[in-house]
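S.K.: Below is a structure I'd like to ask you about.
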Amino acid sequence: MCEYCGCGIPDGPPQHNHEHENVAVSPVYKDLLAANDHIAQHNREHLRRMGSFFVHLTSSPGSGKTTLLEKTVESLKGKLSMGVIEGDVATENDAERMRAMGIPTQSIVTDGACHLDAKQVHHALGHIAEDGKFDLLFVENVGNLVCPADFDLGEDQRVVLVSVTEGDDKPEKYPPIFRHADVLVISKTDLLPYVDFDIEKVKKHARVISPRIRFFELSAKTGDGIAEWATWLTSLVPGK
Ligand SMILES: Nc1nc2c(ncn2[C@@H]2O[C@H](COP(=O)(O)OP(=O)(O)OP(=O)(O)O)[C@@H](O)[C@H]2O)c(=O)[nH]1
Ligand SMILES: [Mg+2]
């Protein structure tokens, strides 16, 4: 397997001549990522000092990130304090959905950019609430399965969603985003009867790319699996 892009999974040789090594060592890209990593580490340390656990949600457009956040808030409101930073290319639609749930929410409209970076999150942290202290802080990235992959935002856990309507080859075809994933949520499981989606295949390929990865299978529509997800989130918060 190629360690940069993950091609050749689960155990075959790389399927290219490593042309993208140029990308991996491009000085401009390297500097950009180093600067981003520096701010991400600052975000991480800041939030740890505040006692806030930071969960980053990322996926293709429409996999169900905002709907899962709505269900999460329904499930944990009154038990944990929560804040949300909503990233979108345009509109505050998702931010409005979270505000309607009564949760402090800061919007980042990227105006065309295809992913969030640590600096934008740092700025949003300064605006989200008076003291900016939450048990759980969620960041929903721009819907995109490629561009967010290399950009650490300072999260404690990176959660990637794949909905069952997207096809079960996503870890094989888009390995970089799974490389830094702590959790894979397989979403929209209520639609499994209507699509060909092999959950075990997805898990097998995701595990090759990120051996530590943890899985949740859930439907925000029926509520199946939401209790397990909420229990896990609660376990991340010290003393809860
Ligand atoms: N059947 C079904 N539909 C769902 C589920 N979760 C979300 N949806 C639908 O999927 C569509 C997209 O959901 P969102 O939560 O907006 O997806 P998103 O990932 O936040 O989308 P972007 O922010 O645009 O990337 C909506 O029409 C939701 O109602 C689910 O569990 N089951
Ligand atoms: Mg959304």
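All residue names refer to the structure tokens as shown: chains lettered A, B, ... in order, residues numbered from 1 in each chain, ligands numbered from 1 in order.
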Mind running chain A against ligand 1 at 8 Å and telling me each contacting residue's nearest atom pair with the distance in Å (one decimal), counting only C-alpha atoms and all ligand atoms, chain and number ascending, as a Markdown table?
M.R.:
```
| residue | atom | partner | partner_atom_place_in_ligand_line | distance |
| --- | --- | --- | --- | --- |
| A:Thr58 | CA | ligand 1 | 19 (O) | 7.9 |
| A:Ser59 | CA | ligand 1 | 19 (O) | 6.4 |
| A:Ser60 | CA | ligand 1 | 25 (O) | 5.9 |
| A:Pro61 | CA | ligand 1 | 25 (O) | 3.2 |
| A:Gly62 | CA | ligand 1 | 21 (O) | 3.3 |
| A:Ser63 | CA | ligand 1 | 19 (O) | 4.0 |
| A:Gly64 | CA | ligand 1 | 15 (O) | 3.3 |
| A:Lys65 | CA | ligand 1 | 20 (O) | 3.8 |
| A:Thr66 | CA | ligand 1 | 20 (O) | 3.8 |
| A:Thr67 | CA | ligand 1 | 15 (O) | 3.7 |
| A:Leu68 | CA | ligand 1 | 15 (O) | 6.3 |
| A:Leu69 | CA | ligand 1 | 15 (O) | 7.9 |
| A:Gly87 | CA | ligand 1 | 23 (O) | 8.0 |
| A:Asp88 | CA | ligand 1 | 23 (O) | 6.8 |
| A:Asp94 | CA | ligand 1 | 23 (O) | 6.6 |
| A:Glu140 | CA | ligand 1 | 23 (O) | 7.5 |
| A:Asn141 | CA | ligand 1 | 23 (O) | 7.8 |
| A:Val142 | CA | ligand 1 | 25 (O) | 6.0 |
| A:Gly143 | CA | ligand 1 | 25 (O) | 3.6 |
| A:Asn144 | CA | ligand 1 | 25 (O) | 7.1 |
| A:Leu161 | CA | ligand 1 | 19 (O) | 8.0 |
| A:Ser187 | CA | ligand 1 | 31 (O) | 5.6 |
| A:Lys188 | CA | ligand 1 | 31 (O) | 3.5 |
| A:Thr189 | CA | ligand 1 | 31 (O) | 6.3 |
| A:Asp190 | CA | ligand 1 | 32 (N) | 5.8 |
| A:Leu191 | CA | ligand 1 | 1 (N) | 5.8 |
| A:Leu218 | CA | ligand 1 | 31 (O) | 6.8 |
| A:Ser219 | CA | ligand 1 | 31 (O) | 3.6 |
| A:Ala220 | CA | ligand 1 | 31 (O) | 3.7 |
| A:Lys221 | CA | ligand 1 | 31 (O) | 4.3 |
| A:Thr222 | CA | ligand 1 | 31 (O) | 6.8 |
| A:Gly223 | CA | ligand 1 | 31 (O) | 7.7 |
```
S.K.: Would you output that residue set with C-alpha atoms, as a compact mmCIF listing (two decimals), in the first residue's frame?
M.R.:
```
# COMPACT_ATOMS: atom_id res chain seq x y z
CA THR A 58 -16.14 15.74 7.92
CA SER A 59 -17.67 13.95 4.91
CA SER A 60 -18.97 14.33 1.37
CA PRO A 61 -21.75 16.87 0.91
CA GLY A 62 -25.05 15.58 2.25
CA SER A 63 -23.82 12.55 4.23
CA GLY A 64 -25.83 13.73 7.22
CA LYS A 65 -23.40 15.77 9.35
CA THR A 66 -25.83 18.51 10.36
CA THR A 67 -28.71 16.07 10.88
CA LEU A 68 -26.47 13.99 13.14
CA LEU A 69 -25.54 17.12 15.09
CA GLY A 87 -18.27 25.56 7.89
CA ASP A 88 -19.91 26.04 4.51
CA ASP A 94 -26.46 24.79 8.70
CA GLU A 140 -18.68 20.64 10.85
CA ASN A 141 -16.31 21.00 7.92
CA VAL A 142 -17.32 21.95 4.39
CA GLY A 143 -18.86 18.92 2.63
CA ASN A 144 -15.91 17.46 0.73
CA LEU A 161 -19.22 10.06 7.84
CA SER A 187 -24.95 7.00 8.30
CA LYS A 188 -28.47 6.66 6.86
CA THR A 189 -28.64 2.95 7.73
CA ASP A 190 -32.45 3.16 7.35
CA LEU A 191 -31.76 3.19 3.59
CA LEU A 218 -26.65 4.87 12.73
CA SER A 219 -29.72 6.47 11.26
CA ALA A 220 -30.55 10.02 12.27
CA LYS A 221 -33.98 9.44 10.73
CA THR A 222 -35.07 6.44 12.82
CA GLY A 223 -32.72 7.11 15.77
```
S.K.: For Thr91 of chain A, list every protein, DNA or RNA residue within 12 Å, evaluated using only C-alpha atoms, and leave out those in the same chain fewer than 3 positions away; present the list as number ranges by chain.
M.R.: A: 86-88, 94-97, 107-112, 142
S.K.: Go ahead and save the residues from that selection, with N, CA and C atoms, as an mmCIF file, in the first residue's frame.
M.R.:
```
data_model
loop_
_atom_site.group_PDB
_atom_site.id
_atom_site.type_symbol
_atom_site.label_atom_id
_atom_site.label_comp_id
_atom_site.auth_asym_id
_atom_site.auth_seq_id
_atom_site.Cartn_x
_atom_site.Cartn_y
_atom_site.Cartn_z
ATOM 1 N N GLU A 86 -19.861 25.937 12.293
ATOM 2 C CA GLU A 86 -20.395 25.393 11.037
ATOM 3 C C GLU A 86 -19.641 25.972 9.848
ATOM 4 N N GLY A 87 -18.970 25.110 9.088
ATOM 5 C CA GLY A 87 -18.272 25.564 7.888
ATOM 6 C C GLY A 87 -19.091 25.264 6.643
ATOM 7 N N ASP A 88 -19.242 26.254 5.794
ATOM 8 C CA ASP A 88 -19.913 26.039 4.506
ATOM 9 C C ASP A 88 -19.302 26.964 3.465
ATOM 10 N N ASP A 94 -26.718 25.778 7.641
ATOM 11 C CA ASP A 94 -26.459 24.790 8.697
ATOM 12 C C ASP A 94 -26.333 25.478 10.056
ATOM 13 N N ALA A 95 -25.695 26.646 10.061
ATOM 14 C CA ALA A 95 -25.582 27.396 11.319
ATOM 15 C C ALA A 95 -26.975 27.747 11.845
ATOM 16 N N GLU A 96 -27.876 28.136 10.953
ATOM 17 C CA GLU A 96 -29.245 28.466 11.375
ATOM 18 C C GLU A 96 -29.940 27.236 11.952
ATOM 19 N N ARG A 97 -29.684 26.081 11.355
ATOM 20 C CA ARG A 97 -30.291 24.844 11.883
ATOM 21 C C ARG A 97 -29.815 24.588 13.304
ATOM 22 N N SER A 107 -20.669 30.622 12.536
ATOM 23 C CA SER A 107 -20.591 30.196 11.144
ATOM 24 C C SER A 107 -19.263 30.641 10.521
ATOM 25 N N ILE A 108 -18.675 29.769 9.705
ATOM 26 C CA ILE A 108 -17.548 30.174 8.855
ATOM 27 C C ILE A 108 -18.002 29.960 7.410
ATOM 28 N N VAL A 109 -18.173 31.046 6.685
ATOM 29 C CA VAL A 109 -18.514 30.935 5.262
ATOM 30 C C VAL A 109 -17.207 31.110 4.493
ATOM 31 N N THR A 110 -16.791 30.068 3.796
ATOM 32 C CA THR A 110 -15.444 30.086 3.199
ATOM 33 C C THR A 110 -15.392 30.842 1.879
ATOM 34 N N ASP A 111 -16.570 31.163 1.325
ATOM 35 C CA ASP A 111 -16.617 31.947 0.094
ATOM 36 C C ASP A 111 -15.869 31.247 -1.039
ATOM 37 N N GLY A 112 -16.061 29.971 -1.154
ATOM 38 C CA GLY A 112 -15.462 29.225 -2.266
ATOM 39 C C GLY A 112 -14.436 28.205 -1.837
ATOM 40 N N VAL A 142 -16.689 21.848 5.710
ATOM 41 C CA VAL A 142 -17.320 21.947 4.393
ATOM 42 C C VAL A 142 -17.489 20.526 3.828
#
```
S.K.: Please, what distance in Å, to one decimal, runs between atom CA of Leu136 of chain A and atom CA of Pro171 of chain A?
M.R.: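 Value for the atom CA of Leu136 of chain A-atom CA of Pro171 of chain A distance: 27.1 Å.
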S.K.: To one decimal place, how far is atom CA of Val121 of chain A from atom CA of Glu155 of chain A in Å?
M.R.: 10.2 Å
S.K.: Just the residues within 10 Å of Leu236 of chain A, please, counting only C-alpha atoms, with nothing from its chain fewer than 6 positions along; format it as a compact mmCIF listing (two decimals) with C-alpha atoms, in the first residue's frame.
M.R.:
```txt
# COMPACT_ATOMS: atom_id res chain seq x y z
CA SER A 52 -13.63 21.46 26.08
CA PHE A 53 -13.45 18.28 24.00
CA PHE A 54 -13.24 19.04 20.28
CA VAL A 55 -14.93 16.75 17.71
CA ASP A 135 -18.09 20.14 27.34
CA LEU A 136 -18.21 19.33 23.64
CA ASP A 156 -9.35 15.66 19.71
CA GLN A 157 -11.33 13.28 17.50
```
S.K.: Using only C-alpha atoms, which protein or nucleic acid residues come within 9 Å of Gly132 of chain A? Drop anything in the same chain fewer than 4 positions from it, and give the result as JSON, numbers by chain.
M.R.: {"A": [47, 50, 52, 83, 125, 126, 127, 128]}
S.K.: Go ahead and write the selection's residues with N, CA and C atoms as a CSV table (one decimal), in the first residue's frame.
M.R.:
```csv
chain,number,residue,atom,x,y,z
A,47,LEU,N,-8.3,24.7,23.9
A,47,LEU,CA,-9.5,24.0,24.3
A,47,LEU,C,-9.3,23.0,25.4
A,50,MET,N,-9.4,24.9,28.5
A,50,MET,CA,-10.8,25.3,28.8
A,50,MET,C,-11.7,24.1,29.3
A,52,SER,N,-12.7,21.8,27.2
A,52,SER,CA,-13.6,21.5,26.1
A,52,SER,C,-13.1,20.4,25.2
A,83,GLY,N,-21.2,23.4,21.8
A,83,GLY,CA,-21.1,24.6,20.9
A,83,GLY,C,-20.8,24.0,19.5
A,125,LEU,N,-13.5,30.5,17.3
A,125,LEU,CA,-13.4,30.2,18.8
A,125,LEU,C,-13.5,31.5,19.6
A,126,GLY,N,-13.0,32.5,19.0
A,126,GLY,CA,-13.0,33.8,19.7
A,126,GLY,C,-14.4,34.5,19.7
A,127,HIS,N,-15.3,34.0,18.9
A,127,HIS,CA,-16.6,34.6,18.7
A,127,HIS,C,-17.8,33.8,19.1
A,128,ILE,N,-17.5,32.5,19.4
A,128,ILE,CA,-18.7,31.6,19.5
A,128,ILE,C,-19.5,31.9,20.8
```
S.K.: Can you pull out every residue from segment 10-216 of chain A that DSSP, working from the backbone, puts in strand (DSSP E or B), and format the result as a PyMOL selection string?
M.R.: chain A and resi 53-59+77+80+82-88+105-109+136-140+157-163+183-187+214-216
S.K.: Could the residues in this selection be written to a file with C-alpha atoms, as an mmCIF file, in the first residue's frame?
M.R.:
```cif
data_model
loop_
_atom_site.group_PDB
_atom_site.id
_atom_site.type_symbol
_atom_site.label_atom_id
_atom_site.label_comp_id
_atom_site.auth_asym_id
_atom_site.auth_seq_id
_atom_site.Cartn_x
_atom_site.Cartn_y
_atom_site.Cartn_z
ATOM 1 C CA PHE A 53 -13.448 18.278 24.000
ATOM 2 C CA PHE A 54 -13.244 19.040 20.279
ATOM 3 C CA VAL A 55 -14.929 16.750 17.712
ATOM 4 C CA HIS A 56 -14.424 17.448 13.997
ATOM 5 C CA LEU A 57 -17.059 16.084 11.571
ATOM 6 C CA THR A 58 -16.143 15.738 7.924
ATOM 7 C CA SER A 59 -17.666 13.952 4.908
ATOM 8 C CA LYS A 77 -29.001 18.796 25.743
ATOM 9 C CA LEU A 80 -23.641 18.403 28.419
ATOM 10 C CA MET A 82 -22.266 22.054 23.509
ATOM 11 C CA GLY A 83 -21.121 24.551 20.894
ATOM 12 C CA VAL A 84 -20.928 24.238 17.127
ATOM 13 C CA ILE A 85 -18.771 25.848 14.441
ATOM 14 C CA GLU A 86 -20.395 25.393 11.037
ATOM 15 C CA GLY A 87 -18.272 25.564 7.888
ATOM 16 C CA ASP A 88 -19.913 26.039 4.506
ATOM 17 C CA THR A 105 -23.114 28.465 16.922
ATOM 18 C CA GLN A 106 -20.510 30.308 14.910
ATOM 19 C CA SER A 107 -20.591 30.196 11.144
ATOM 20 C CA ILE A 108 -17.548 30.174 8.855
ATOM 21 C CA VAL A 109 -18.514 30.935 5.262
ATOM 22 C CA LEU A 136 -18.214 19.327 23.635
ATOM 23 C CA LEU A 137 -17.272 21.599 20.779
ATOM 24 C CA PHE A 138 -18.219 20.341 17.307
ATOM 25 C CA VAL A 139 -16.840 21.640 14.038
ATOM 26 C CA GLU A 140 -18.679 20.635 10.852
ATOM 27 C CA GLN A 157 -11.333 13.284 17.500
ATOM 28 C CA ARG A 158 -11.836 13.345 13.760
ATOM 29 C CA VAL A 159 -15.097 11.752 12.673
ATOM 30 C CA VAL A 160 -15.682 10.879 9.006
ATOM 31 C CA LEU A 161 -19.217 10.063 7.840
ATOM 32 C CA VAL A 162 -20.039 7.829 4.900
ATOM 33 C CA SER A 163 -23.730 7.413 4.129
ATOM 34 C CA VAL A 183 -14.120 7.373 13.907
ATOM 35 C CA LEU A 184 -16.126 6.298 10.880
ATOM 36 C CA VAL A 185 -19.865 6.870 11.113
ATOM 37 C CA ILE A 186 -21.847 4.845 8.610
ATOM 38 C CA SER A 187 -24.954 7.000 8.301
ATOM 39 C CA ARG A 214 -13.847 3.047 15.661
ATOM 40 C CA PHE A 215 -17.202 2.511 13.944
ATOM 41 C CA PHE A 216 -20.746 3.656 14.510
#
```
S.K.: If we count only C-alpha atoms and set the cut-off at 9 Å, which residues sit around Asp150 of chain A, ignoring sequence neighbours fewer than 6 positions away in its own chain? Please answer as a ChimeraX atom specification.
M.R.: /A:33,176-177,180
S.K.: For the selection just defined, write its residues with N, CA and C atoms to a file, as a short mmCIF file (atom, residue, chain, number, x, y, z; two decimals), in the first residue's frame.
M.R.:
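Dumped to again17.cif:
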```
data_model
loop_
_atom_site.label_atom_id
_atom_site.label_comp_id
_atom_site.auth_asym_id
_atom_site.auth_seq_id
_atom_site.Cartn_x
_atom_site.Cartn_y
_atom_site.Cartn_z
N LEU A 33 0.99 23.60 5.35
CA LEU A 33 0.54 22.62 6.34
C LEU A 33 1.24 22.82 7.68
N PRO A 176 -6.99 9.40 1.73
CA PRO A 176 -6.38 10.39 2.63
C PRO A 176 -7.29 10.85 3.77
N ILE A 177 -8.57 11.02 3.50
CA ILE A 177 -9.45 11.55 4.55
C ILE A 177 -9.61 10.53 5.69
N HIS A 180 -6.43 10.02 8.84
CA HIS A 180 -6.37 10.66 10.16
C HIS A 180 -7.68 10.51 10.92
#
```
S.K.: For Trp232 of chain A, which residue out of A:Val28, A:Val208, A:Ala34, A:Leu76 is the nearest one, using only C-alpha atoms?
M.R.: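 Among the listed residues, A:Leu76 lies closest to Trp232 of chain A.
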